$ cat model11.cif   # mmCIF, C-alpha atoms and all ligand atoms
data_model
loop_
_atom_site.label_atom_id
_atom_site.label_comp_id
_atom_site.auth_asym_id
_atom_site.auth_seq_id
_atom_site.Cartn_x
_atom_site.Cartn_y
_atom_site.Cartn_z
CA VAL A 232 55.90 211.41 60.63
CA LYS A 233 58.88 211.50 58.32
CA PRO A 234 61.44 214.29 58.19
CA ASP A 235 61.16 216.05 54.84
CA ARG A 236 63.22 218.63 53.06
CA ARG A 237 62.21 221.13 55.70
CA THR A 238 64.84 219.54 57.91
CA ARG A 239 67.67 221.95 57.45
CA ASP A 240 70.55 220.29 59.23
CA LYS A 241 71.44 216.78 58.22
CA ALA A 242 73.59 216.31 61.31
CA ASP A 243 70.59 217.00 63.51
CA ARG A 244 68.55 214.34 61.88
CA ALA A 245 70.99 211.56 62.58
CA THR A 246 70.20 211.24 66.25
CA THR A 247 66.47 211.37 66.16
CA ASP A 248 64.62 209.34 63.56
CA ASN A 249 62.04 207.18 65.31
CA CYS A 250 62.90 208.77 68.58
CA LEU A 251 59.38 209.73 69.56
CA ASP A 252 58.15 207.53 72.34
CA GLN A 253 54.86 205.69 72.18
CA ARG A 254 53.15 208.07 74.52
CA SER A 255 54.02 211.17 72.46
CA LEU A 256 52.83 209.39 69.33
CA ARG A 257 49.53 208.57 71.02
CA VAL A 258 49.08 212.22 71.98
CA MET A 259 49.69 213.28 68.40
CA PHE A 260 47.28 210.69 66.96
CA LYS A 261 44.67 211.80 69.44
CA LEU A 262 45.06 215.42 68.35
CA LEU A 263 44.48 214.24 64.77
CA GLN A 264 41.49 212.11 65.74
CA GLN A 265 39.89 214.94 67.67
CA GLY A 266 40.34 217.22 64.69
CA VAL A 267 42.54 219.68 66.60
CA LEU A 268 45.04 218.98 63.83
CA THR A 269 44.10 217.95 60.31
CA ASN A 270 47.58 217.11 59.20
CA ILE A 271 51.10 216.74 60.53
CA GLU A 272 53.10 217.69 57.51
CA GLY A 273 56.73 217.22 58.31
CA CYS A 274 59.68 217.89 60.53
CA ILE A 275 61.04 221.43 60.88
CA SER A 276 63.81 220.52 63.24
CA ALA A 277 65.15 217.42 64.89
CA GLY A 278 67.31 218.18 67.89
CA LYS A 279 68.70 216.38 70.89
CA GLU A 280 66.12 217.69 73.31
CA ALA A 281 63.10 218.07 71.07
CA ASN A 282 61.67 217.58 67.61
CA VAL A 283 59.59 220.30 66.02
CA TYR A 284 56.91 219.42 63.47
CA TYR A 285 54.78 221.48 61.19
CA ALA A 286 51.04 220.90 61.38
CA ILE A 287 47.77 222.39 60.24
CA SER A 288 44.85 223.09 62.52
CA PRO A 289 41.38 224.16 61.33
CA GLU A 290 41.02 226.36 64.38
CA TYR A 291 44.52 227.80 64.80
CA GLY A 292 46.03 227.69 61.31
CA HIS A 293 49.68 226.79 60.80
CA LEU A 294 51.23 225.34 63.94
CA ALA A 295 54.57 224.20 65.22
CA ILE A 296 54.48 221.13 67.46
CA LYS A 297 57.42 220.77 69.80
CA VAL A 298 57.79 217.26 71.15
CA TYR A 299 60.32 216.90 73.96
CA MET A 300 62.48 213.82 73.92
CA THR A 301 62.11 211.38 76.75
CA SER A 302 65.06 209.27 75.66
CA VAL A 303 68.63 210.27 75.06
CA MET A 304 70.37 208.45 72.26
CA PRO A 305 74.12 208.42 72.56
CA PHE A 306 74.91 206.45 69.39
CA LYS A 307 74.41 207.44 65.82
CA ASN A 308 73.81 203.93 64.61
CA ARG A 309 72.05 202.95 67.74
CA ASP A 310 69.70 200.47 66.06
CA LYS A 311 72.66 198.27 65.41
CA TYR A 312 73.39 198.10 69.11
CA MET A 313 69.92 197.93 70.39
CA THR A 314 67.74 195.82 68.16
CA GLY A 315 66.65 192.80 70.09
CA ASP A 316 68.05 193.93 73.38
CA ARG A 317 65.02 194.04 75.61
CA ARG A 318 66.78 196.06 78.28
CA LEU A 319 67.18 198.90 75.82
CA ARG A 320 63.71 198.84 74.35
CA HIS A 321 62.92 202.22 75.86
CA GLY A 322 66.11 203.80 74.60
CA VAL A 323 69.28 204.59 76.44
CA GLY A 324 69.06 206.90 79.43
CA LYS A 325 65.31 207.24 79.53
CA ARG A 326 63.96 210.24 81.32
CA SER A 327 60.63 210.07 82.99
CA TRP A 328 57.68 211.39 81.04
CA LYS A 329 56.70 213.32 84.14
CA LYS A 330 60.02 215.11 84.42
CA VAL A 331 60.13 216.04 80.75
CA SER A 332 56.49 217.21 80.96
CA LYS A 333 57.67 219.71 83.56
CA TRP A 334 60.07 221.29 81.04
CA ALA A 335 57.32 221.49 78.46
CA GLU A 336 55.04 223.08 81.03
CA LYS A 337 57.74 225.56 81.94
CA GLU A 338 58.21 226.54 78.32
CA PHE A 339 54.45 226.88 77.87
CA ARG A 340 54.13 229.21 80.86
CA ASN A 341 57.19 231.21 79.83
CA LEU A 342 55.79 231.66 76.32
CA LEU A 343 52.56 233.01 77.83
CA ARG A 344 54.49 235.57 79.86
CA VAL A 345 56.61 236.54 76.90
CA ALA A 346 53.55 237.03 74.71
CA GLN A 347 51.90 239.17 77.39
CA ALA A 348 54.92 241.45 77.50
CA GLY A 349 54.70 241.95 73.74
CA ILE A 350 57.97 240.24 72.86
CA PRO A 351 57.64 238.65 69.40
CA ALA A 352 57.44 234.89 70.01
CA PRO A 353 55.23 231.93 69.10
CA LYS A 354 51.89 231.95 70.90
CA PRO A 355 51.40 228.83 72.99
CA ILE A 356 48.17 227.04 72.03
CA LYS A 357 47.98 223.71 73.82
CA LEU A 358 50.03 221.46 76.05
CA LYS A 359 49.60 217.70 76.35
CA GLY A 360 52.37 216.21 78.43
CA VAL A 361 55.57 216.56 76.42
CA VAL A 362 53.75 217.82 73.31
CA LEU A 363 53.50 221.60 72.96
CA LEU A 364 51.44 223.28 70.24
CA MET A 365 52.32 226.85 69.29
CA THR A 366 51.82 229.16 66.35
CA LEU A 367 54.22 228.63 63.48
CA ILE A 368 56.61 231.51 62.85
CA GLY A 369 57.04 232.10 59.14
CA GLU A 370 55.22 232.98 55.99
CA GLU A 371 52.29 230.60 55.76
CA ALA A 372 53.73 227.09 55.79
CA ASP A 373 57.33 228.18 55.40
CA ALA A 374 59.10 228.12 58.77
CA ALA A 375 61.18 231.24 59.44
CA PRO A 376 64.98 230.93 59.32
CA LYS A 377 67.20 231.21 62.37
CA LEU A 378 69.00 234.51 62.74
CA LYS A 379 72.28 232.69 62.05
CA ASP A 380 71.03 231.88 58.54
CA VAL A 381 70.02 235.40 57.58
CA ASP A 382 72.25 236.29 54.68
CA SER A 383 72.36 240.06 54.35
CA ASP A 384 74.88 242.87 54.55
CA ASP A 385 72.22 245.54 54.92
CA ALA A 386 73.54 247.74 57.75
CA GLU A 387 70.13 249.27 58.37
CA LEU A 388 68.58 245.84 58.82
CA TRP A 389 71.26 244.68 61.27
CA HIS A 390 70.99 247.91 63.24
CA SER A 391 67.26 247.37 63.58
CA LEU A 392 67.64 243.69 64.54
CA TYR A 393 70.32 244.37 67.16
CA TRP A 394 68.37 247.08 68.92
CA GLN A 395 65.21 244.99 68.86
CA VAL A 396 67.11 242.28 70.72
CA VAL A 397 68.58 244.81 73.18
CA GLY A 398 65.16 246.26 73.99
CA ASN A 399 63.53 242.88 74.35
CA LEU A 400 66.33 241.52 76.53
CA ARG A 401 65.38 244.26 78.99
CA THR A 402 61.64 243.60 78.64
CA LEU A 403 62.20 239.90 79.24
CA TYR A 404 64.19 240.63 82.38
CA GLN A 405 62.15 243.47 83.82
CA GLN A 406 58.61 242.62 82.76
CA CYS A 407 58.64 238.85 82.42
CA ARG A 408 61.17 238.51 85.27
CA LEU A 409 62.99 235.94 83.13
CA VAL A 410 66.44 235.33 81.74
CA HIS A 411 66.39 233.26 78.55
CA GLY A 412 69.42 231.16 79.49
CA ASP A 413 70.23 229.84 76.01
CA LEU A 414 70.07 232.95 73.91
CA SER A 415 71.96 232.99 70.62
CA GLU A 416 71.44 233.24 66.88
CA TYR A 417 70.15 229.63 67.07
CA ASN A 418 67.18 230.50 69.26
CA LEU A 419 66.24 233.72 67.53
CA LEU A 420 64.29 233.52 64.29
CA TYR A 421 63.95 236.12 61.60
CA ASN A 422 60.60 236.93 60.07
CA ALA A 423 59.50 239.98 58.10
CA GLY A 424 62.03 242.38 59.59
CA GLN A 425 61.47 241.11 63.12
CA VAL A 426 63.51 239.04 65.53
CA ILE A 427 61.31 236.30 67.02
CA TRP A 428 62.28 234.67 70.30
CA ILE A 429 61.94 230.91 70.83
CA ASP A 430 63.06 228.04 73.06
CA PHE A 431 62.25 229.09 76.62
CA SER A 432 62.34 225.69 78.31
CA GLN A 433 65.54 226.46 80.22
CA SER A 434 64.73 230.07 81.11
CA VAL A 435 65.11 231.06 84.75
CA GLU A 436 63.44 233.52 87.05
CA HIS A 437 65.21 236.20 89.07
CA GLU A 438 65.30 234.00 92.15
CA HIS A 439 67.48 231.41 90.44
CA PRO A 440 71.01 231.49 91.93
CA GLN A 441 72.60 231.60 88.46
CA THR A 442 70.38 234.32 87.01
CA PHE A 443 73.11 236.91 86.57
CA ALA A 444 75.59 234.42 85.21
CA PHE A 445 73.05 233.25 82.61
CA LEU A 446 72.19 236.82 81.71
CA ARG A 447 75.85 237.68 81.25
CA ALA A 448 76.28 234.66 78.96
CA ASP A 449 73.18 235.66 76.98
CA CYS A 450 74.65 239.17 76.54
CA ARG A 451 77.96 237.72 75.41
CA ASN A 452 76.35 235.40 72.85
CA VAL A 453 74.19 238.14 71.37
CA ASN A 454 77.12 240.57 71.14
CA ALA A 455 79.45 237.93 69.71
CA PHE A 456 77.00 237.26 66.91
CA PHE A 457 76.22 240.89 66.09
CA SER A 458 79.91 241.87 66.28
CA ARG A 459 80.31 239.99 63.00
CA LYS A 460 77.56 242.08 61.37
CA PRO A 461 77.60 245.63 60.06
CA VAL A 462 76.29 247.27 63.23
CA ARG A 463 77.85 249.18 66.13
CA ILE A 464 77.20 247.23 69.30
CA LEU A 465 77.44 247.83 73.05
CA SER A 466 80.04 246.24 75.24
CA ASP A 467 78.82 243.21 77.19
CA GLN A 468 78.81 245.28 80.37
CA GLU A 469 76.87 248.17 78.86
CA LEU A 470 74.27 245.71 77.64
CA PHE A 471 74.06 243.93 80.98
CA GLU A 472 73.70 247.22 82.83
CA PHE A 473 70.99 248.48 80.52
CA ILE A 474 68.99 245.30 81.11
CA THR A 475 69.28 245.29 84.89
CA ASP A 476 69.29 249.00 85.75
CA PRO A 477 66.25 249.53 88.02
CA THR A 478 66.31 253.31 87.50
CA ILE A 479 65.35 252.98 83.86
CA THR A 480 61.58 253.27 83.62
CA ALA A 481 58.94 252.87 80.94
CA GLU A 482 58.96 256.65 80.75
CA ASN A 483 62.70 257.18 80.16
CA CYS A 484 63.54 253.90 78.43
CA GLU A 485 63.33 255.27 74.90
CA ARG A 486 65.69 258.12 75.81
CA CYS A 487 68.10 255.66 77.42
CA LEU A 488 68.09 253.54 74.29
CA ALA A 489 68.83 256.61 72.18
CA ALA A 490 71.67 257.55 74.55
CA LEU A 491 73.07 254.03 74.28
CA GLN A 492 72.95 254.12 70.50
CA ASP A 493 74.96 257.35 70.66
CA VAL A 494 77.51 255.61 72.87
CA ALA A 495 77.79 252.69 70.46
CA ASN A 496 77.91 254.80 67.33
CA GLY A 497 80.26 257.39 68.80
CA ARG A 498 83.06 254.92 69.44
CA GLU A 499 85.98 254.91 67.03
CA GLN A 500 86.54 251.20 67.49
CA PRO A 501 84.03 248.50 68.30
CA PRO A 502 84.28 247.46 71.96
CA ASP A 503 86.73 244.68 72.76
CA VAL A 504 85.40 241.33 73.61
CA ASP A 505 84.80 242.09 77.23
CA GLY A 506 87.03 239.54 78.90
CA ALA A 507 87.33 241.50 82.11
CA PHE A 508 83.58 241.77 82.47
CA GLN A 509 83.05 238.10 81.79
CA GLY A 510 85.44 237.35 84.63
CA VAL A 511 83.94 239.70 87.22
CA HIS A 512 82.41 238.02 90.21
CA ILE A 513 78.69 238.33 89.74
CA PRO A 514 76.67 238.48 92.90
CA ARG A 515 74.11 235.75 93.22
CA ARG A 516 71.76 237.76 95.35
CA LEU A 517 71.37 241.35 96.31
CA GLU A 518 72.09 240.66 99.99
CA GLU A 519 75.42 239.25 98.96
CA VAL A 520 76.50 242.53 97.40
CA LEU A 521 75.28 245.06 99.86
CA HIS A 522 78.64 245.34 101.54
CA TYR A 523 78.64 248.69 99.92
CA GLU A 524 80.22 250.61 102.74
CA ARG A 525 83.31 248.45 102.52
CA ASN A 526 83.23 248.66 98.76
CA ALA A 527 82.85 252.44 98.78
CA LEU A 528 86.01 252.64 100.89
CA LEU A 529 87.90 250.35 98.52
CA LEU A 530 86.71 252.43 95.60
CA ARG A 531 88.01 255.64 97.20
CA GLN A 532 91.32 253.94 97.88
CA GLY A 533 91.50 252.91 94.25
CA LYS A 534 91.41 249.23 95.13
CA LEU A 535 88.22 248.64 93.19
CA THR A 536 87.40 249.67 89.66
CA GLN A 537 84.12 250.38 87.95
CA HIS A 538 84.34 246.87 86.54
CA ASP A 539 84.01 245.50 90.04
CA LEU A 540 80.95 247.57 90.62
CA LEU A 541 78.51 245.66 88.57
CA PHE A 542 76.43 245.24 91.66
CA ALA A 543 75.96 249.00 91.78
CA THR A 544 73.82 248.89 88.67
CA VAL A 545 72.08 245.70 89.63
CA SER A 546 71.22 247.01 93.07
CA GLY A 547 70.33 250.53 91.99
CA MET A 548 73.21 252.24 93.78
CA SER A 549 75.04 255.13 92.17
CA HIS A 550 78.44 254.17 90.80
CA ASP A 551 80.30 256.11 93.52
CA LEU A 552 78.19 254.22 96.06
CA LYS A 553 77.18 257.43 97.85
CA GLY A 554 73.55 256.48 97.83
CA PRO A 555 70.71 255.19 95.76
CA LYS A 556 70.74 256.24 92.15
CA ARG A 557 67.81 258.48 91.37
CA THR A 558 67.89 258.81 87.62
CA ALA A 559 68.99 256.50 84.88
CA GLY A 560 72.79 256.79 84.66
CA LEU A 561 72.62 257.05 80.91
CA LEU A 562 70.70 260.29 81.14
CA SER A 563 72.90 262.20 83.58
CA ASP A 564 75.95 264.32 82.77
CA SER A 565 78.24 262.63 85.24
CA GLY A 566 77.28 259.27 83.86
CA ASN A 567 76.72 257.79 87.29
CA GLY A 568 73.15 258.81 87.68
CA ASP A 569 73.57 260.40 91.06
CA ALA A 570 71.22 263.33 90.74
P1 LIG B 601 65.55 222.81 70.66
O1 LIG B 601 66.64 223.82 70.38
O2 LIG B 601 65.48 222.47 72.11
O3 LIG B 601 65.62 221.63 69.78
P2 LIG B 601 63.72 224.88 69.72
O4 LIG B 601 62.53 225.37 70.46
O5 LIG B 601 64.89 225.79 69.63
O6 LIG B 601 64.14 223.48 70.34
O7 LIG B 601 63.25 224.49 68.26
C1 LIG B 601 64.14 223.93 67.33
C2 LIG B 601 64.01 224.60 65.98
O8 LIG B 601 62.69 224.45 65.48
C3 LIG B 601 64.24 226.08 66.01
O9 LIG B 601 65.60 226.41 65.86
C4 LIG B 601 63.44 226.59 64.85
O10 LIG B 601 64.17 226.49 63.65
C5 LIG B 601 62.28 225.62 64.80
N1 LIG B 601 61.10 226.16 65.50
C6 LIG B 601 60.79 226.01 66.81
N2 LIG B 601 59.62 226.62 67.12
C7 LIG B 601 59.18 227.18 65.97
C8 LIG B 601 58.00 227.94 65.62
N3 LIG B 601 57.06 228.25 66.52
N4 LIG B 601 57.88 228.34 64.32
C9 LIG B 601 58.82 228.04 63.42
N5 LIG B 601 59.92 227.33 63.67
C10 LIG B 601 60.12 226.88 64.93
MG MG B 602 66.84 225.78 70.27
#
$ encode --input "model11.cif" --output "structure tokens"
Amino acid sequence: VKPDRRTRDKADRATTDNCLDQRSLRVMFKLLQQGVLTNIEGCISAGKEANVYYAISPEYGHLAIKVYMTSVMPFKNRDKYMTGDRRLRHGVGKRSWKKVSKWAEKEFRNLLRVAQAGIPAPKPIKLKGVVLLMTLIGEEADAAPKLKDVDSDDAELWHSLYWQVVGNLRTLYQQCRLVHGDLSEYNLLYNAGQVIWIDFSQSVEHEHPQTFAFLRADCRNVNAFFSRKPVRILSDQELFEFITDPTITAENCERCLAALQDVANGREQPPDVDGAFQGVHIPRRLEEVLHYERNALLLRQGKLTQHDLLFATVSGMSHDLKGPKRTAGLLSDSGNGDA
């Protein structure tokens, strides 16, 4: 399989020609032999962790094949260093096929969950070791661009795209019980007015100790990108709280989103890059943060600020810590949701 003009980034290509290991190649030939694929047409993307190819299947139509790398190549001109050196015949820093298969399997399962929740994403079709077949996002054979490459100053479009991402960040967290973990304009595609989510191999579940830290980083990346577009955005903290707030329900979610849009649009200035929020200690687990009696005292004494009270939203407490929050904070007059 040779990279063709579909390969968008030259720099990407440098590290990966010929990087597919024998076993991945055998899997791909077998898929061709069995007639699952009739043609592997070219390379959509060549990255450090995976290559993505474009293929045609009689049964499934246009497909993307993601092949995870089992070797890490540290040198650009590695052939020069490695030809003839038997010790390096498997590449430098080889990972086990088994270990890399686990990532592929994780991505496959995550994609299933994401599809079930109705988040626009490729549909996973088949998994053979480190080779993952999914539907191709794009118009026919033309792979969709990344969000970073969408060239438009249409305010209405960017408004729609931002709020799609906001809504689906919450769905991913609440319904799929996942945090993407590498969310940015590089892992969001644009197709026919929709933001499509990809690259879930590093996503984590709620139980992961770094869940909140990853979610906060995802919020920051999304906001940093959209802050350069013609759209009024939320602060990082507002976004984080909307995603994690357990008092927002399927029934009141639409109203909360409308209330949030009012907040964003009503501001004179766009929110600052939320340095304070990014520095707040984020609890790893709920048990860790339920020192709320002590915190309530500190709050009354003015020794804690709302910024420190992230855990209130995450844990479903009202912001004054007087008790559990009963309604979504966004919908109450006091703004703290304590009905
Ligand atoms: P990684 O970032 O680990 O290399 P990704 O899953 O992000 O892997 O895929 C790399 C690139 O391949 C994406 O940025 C996107 O341009 C393209 N791509 C991946 N999956 C699809 C798909 N299903 N349809 C169209 N393009 C895809
Ligand atoms: Mg990616």
$ residues_near_ligand --input "model11.cif" --ligand "ligand MG 602 (chain B)" --cutoff "12 Å" --atoms "all atoms listed in the file" --output "JSON, numbers by chain"
{"A": [243, 275, 276, 277, 278, 279, 280, 281, 282, 283, 297, 299, 338, 377, 378, 411, 412, 413, 414, 415, 416, 417, 418, 419, 420, 428, 429, 430, 431, 432, 433, 434]}
$ atom_distance --input "model11.cif" --atom1 "atom CA of A:Cys450" --atom2 "atom CA of A:Gln468"
8.3 Å
$ closest_residue --input "model11.cif" --among "A:Phe473, A:Tyr421, A:Phe443, A:Tyr393" --to "ligand LIG 601 (chain B)" --atoms "all atoms listed in the file"
A:Tyr421
$ residues_around --input "model11.cif" --residues "A:Ile368" --least-positions-apart "6" --cutoff "8 Å" --atoms "all atoms listed in the file" --output "PyMOL selection string"
chain A and resi 295+352-353+374-375+422+427
$ write_last_selection --input "model11.cif" --atoms "C-alpha atoms" --output "CSV table (one decimal), in the coordinates of the input"
chain,number,residue,atom,x,y,z
A,295,ALA,CA,54.6,224.2,65.2
A,352,ALA,CA,57.4,234.9,70.0
A,353,PRO,CA,55.2,231.9,69.1
A,374,ALA,CA,59.1,228.1,58.8
A,375,ALA,CA,61.2,231.2,59.4
A,422,ASN,CA,60.6,236.9,60.1
A,427,ILE,CA,61.3,236.3,67.0
$ residues_around --input "model11.cif" --residues "A:Met259" --least-positions-apart "5" --cutoff "9 Å" --atoms "all atoms listed in the file" --output "short mmCIF file (atom, residue, chain, number, x, y, z; two decimals) with C-alpha atoms, in the coordinates of the input"
data_model
loop_
_atom_site.label_atom_id
_atom_site.label_comp_id
_atom_site.auth_asym_id
_atom_site.auth_seq_id
_atom_site.Cartn_x
_atom_site.Cartn_y
_atom_site.Cartn_z
CA ARG A 254 53.15 208.07 74.52
CA GLN A 264 41.49 212.11 65.74
CA LEU A 268 45.04 218.98 63.83
CA ILE A 271 51.10 216.74 60.53
CA VAL A 362 53.75 217.82 73.31
#
$ axis_aligned_box --input "model11.cif" --around "stretch 484-495 of chain A" --padding-each-side "8 Å" --output "lines of an AutoDock Vina configuration file"
center_x = 70.6
center_y = 255.4
center_z = 74.4
size_x = 30.5
size_y = 21.4
size_z = 24.0
$ closest_residue --input "model11.cif" --among "A:Ser288, A:Thr366, A:Ser327, A:Thr480" --to "ligand LIG 601 (chain B)" --atoms "all atoms listed in the file"
A:Thr366
$ residues_around --input "model11.cif" --residues "stretch 486-496 of chain A" --least-positions-apart "3" --cutoff "9 Å" --atoms "only C-alpha atoms" --output "list of chain:residue names"
A:Trp394, A:Val397, A:Gly398, A:Val462, A:Arg463, A:Ile464, A:Leu465, A:Ser466, A:Glu469, A:Phe473, A:Ile479, A:Glu482, A:Asn483, A:Glu499, A:Pro501, A:Pro502, A:Ala559, A:Gly560, A:Leu561, A:Leu562
$ write_last_selection --input "model11.cif" --atoms "C-alpha atoms" --output "PDB file, keeping the file's coordinate frame"
ATOM      1  CA  TRP A 394      68.370 247.080  68.920  1.00  0.00           C
ATOM      2  CA  VAL A 397      68.580 244.810  73.180  1.00  0.00           C
ATOM      3  CA  GLY A 398      65.160 246.260  73.990  1.00  0.00           C
ATOM      4  CA  VAL A 462      76.290 247.270  63.230  1.00  0.00           C
ATOM      5  CA  ARG A 463      77.850 249.180  66.130  1.00  0.00           C
ATOM      6  CA  ILE A 464      77.200 247.230  69.300  1.00  0.00           C
ATOM      7  CA  LEU A 465      77.440 247.830  73.050  1.00  0.00           C
ATOM      8  CA  SER A 466      80.040 246.240  75.240  1.00  0.00           C
ATOM      9  CA  GLU A 469      76.870 248.170  78.860  1.00  0.00           C
ATOM     10  CA  PHE A 473      70.990 248.480  80.520  1.00  0.00           C
ATOM     11  CA  ILE A 479      65.350 252.980  83.860  1.00  0.00           C
ATOM     12  CA  GLU A 482      58.960 256.650  80.750  1.00  0.00           C
ATOM     13  CA  ASN A 483      62.700 257.180  80.160  1.00  0.00           C
ATOM     14  CA  GLU A 499      85.980 254.910  67.030  1.00  0.00           C
ATOM     15  CA  PRO A 501      84.030 248.500  68.300  1.00  0.00           C
ATOM     16  CA  PRO A 502      84.280 247.460  71.960  1.00  0.00           C
ATOM     17  CA  ALA A 559      68.990 256.500  84.880  1.00  0.00           C
ATOM     18  CA  GLY A 560      72.790 256.790  84.660  1.00  0.00           C
ATOM     19  CA  LEU A 561      72.620 257.050  80.910  1.00  0.00           C
ATOM     20  CA  LEU A 562      70.700 260.290  81.140  1.00  0.00           C
TER      21      LEU A 562
END
$ closest_residue --input "model11.cif" --among "A:Glu485, A:Asn454, A:Thr402, A:Leu294" --to "ligand LIG 601 (chain B)" --atoms "all atoms listed in the file"
A:Leu294
$ closest_residue --input "model11.cif" --among "A:Lys261, A:Arg340, A:Lys329, A:Lys354" --to "ligand LIG 601 (chain B)" --atoms "all atoms listed in the file"
A:Lys354
$ closest_residue --input "model11.cif" --among "A:Gln406, A:Asn399, A:Thr269, A:Ser255" --to "A:Ser332" --atoms "only C-alpha atoms"
A:Ser255
$ closest_residue --input "model11.cif" --among "A:Leu358, A:Leu367, A:Val453, A:Val267" --to "ligand LIG 601 (chain B)" --atoms "all atoms listed in the file"
A:Leu367
$ atom_distance --input "model11.cif" --atom1 "atom CA of A:Asp467" --atom2 "atom CA of A:Phe445"
12.7 Å
$ atom_distance --input "model11.cif" --atom1 "atom C2 of ligand LIG 601 (chain B)" --atom2 "atom CA of A:Gln509"
28.2 Å
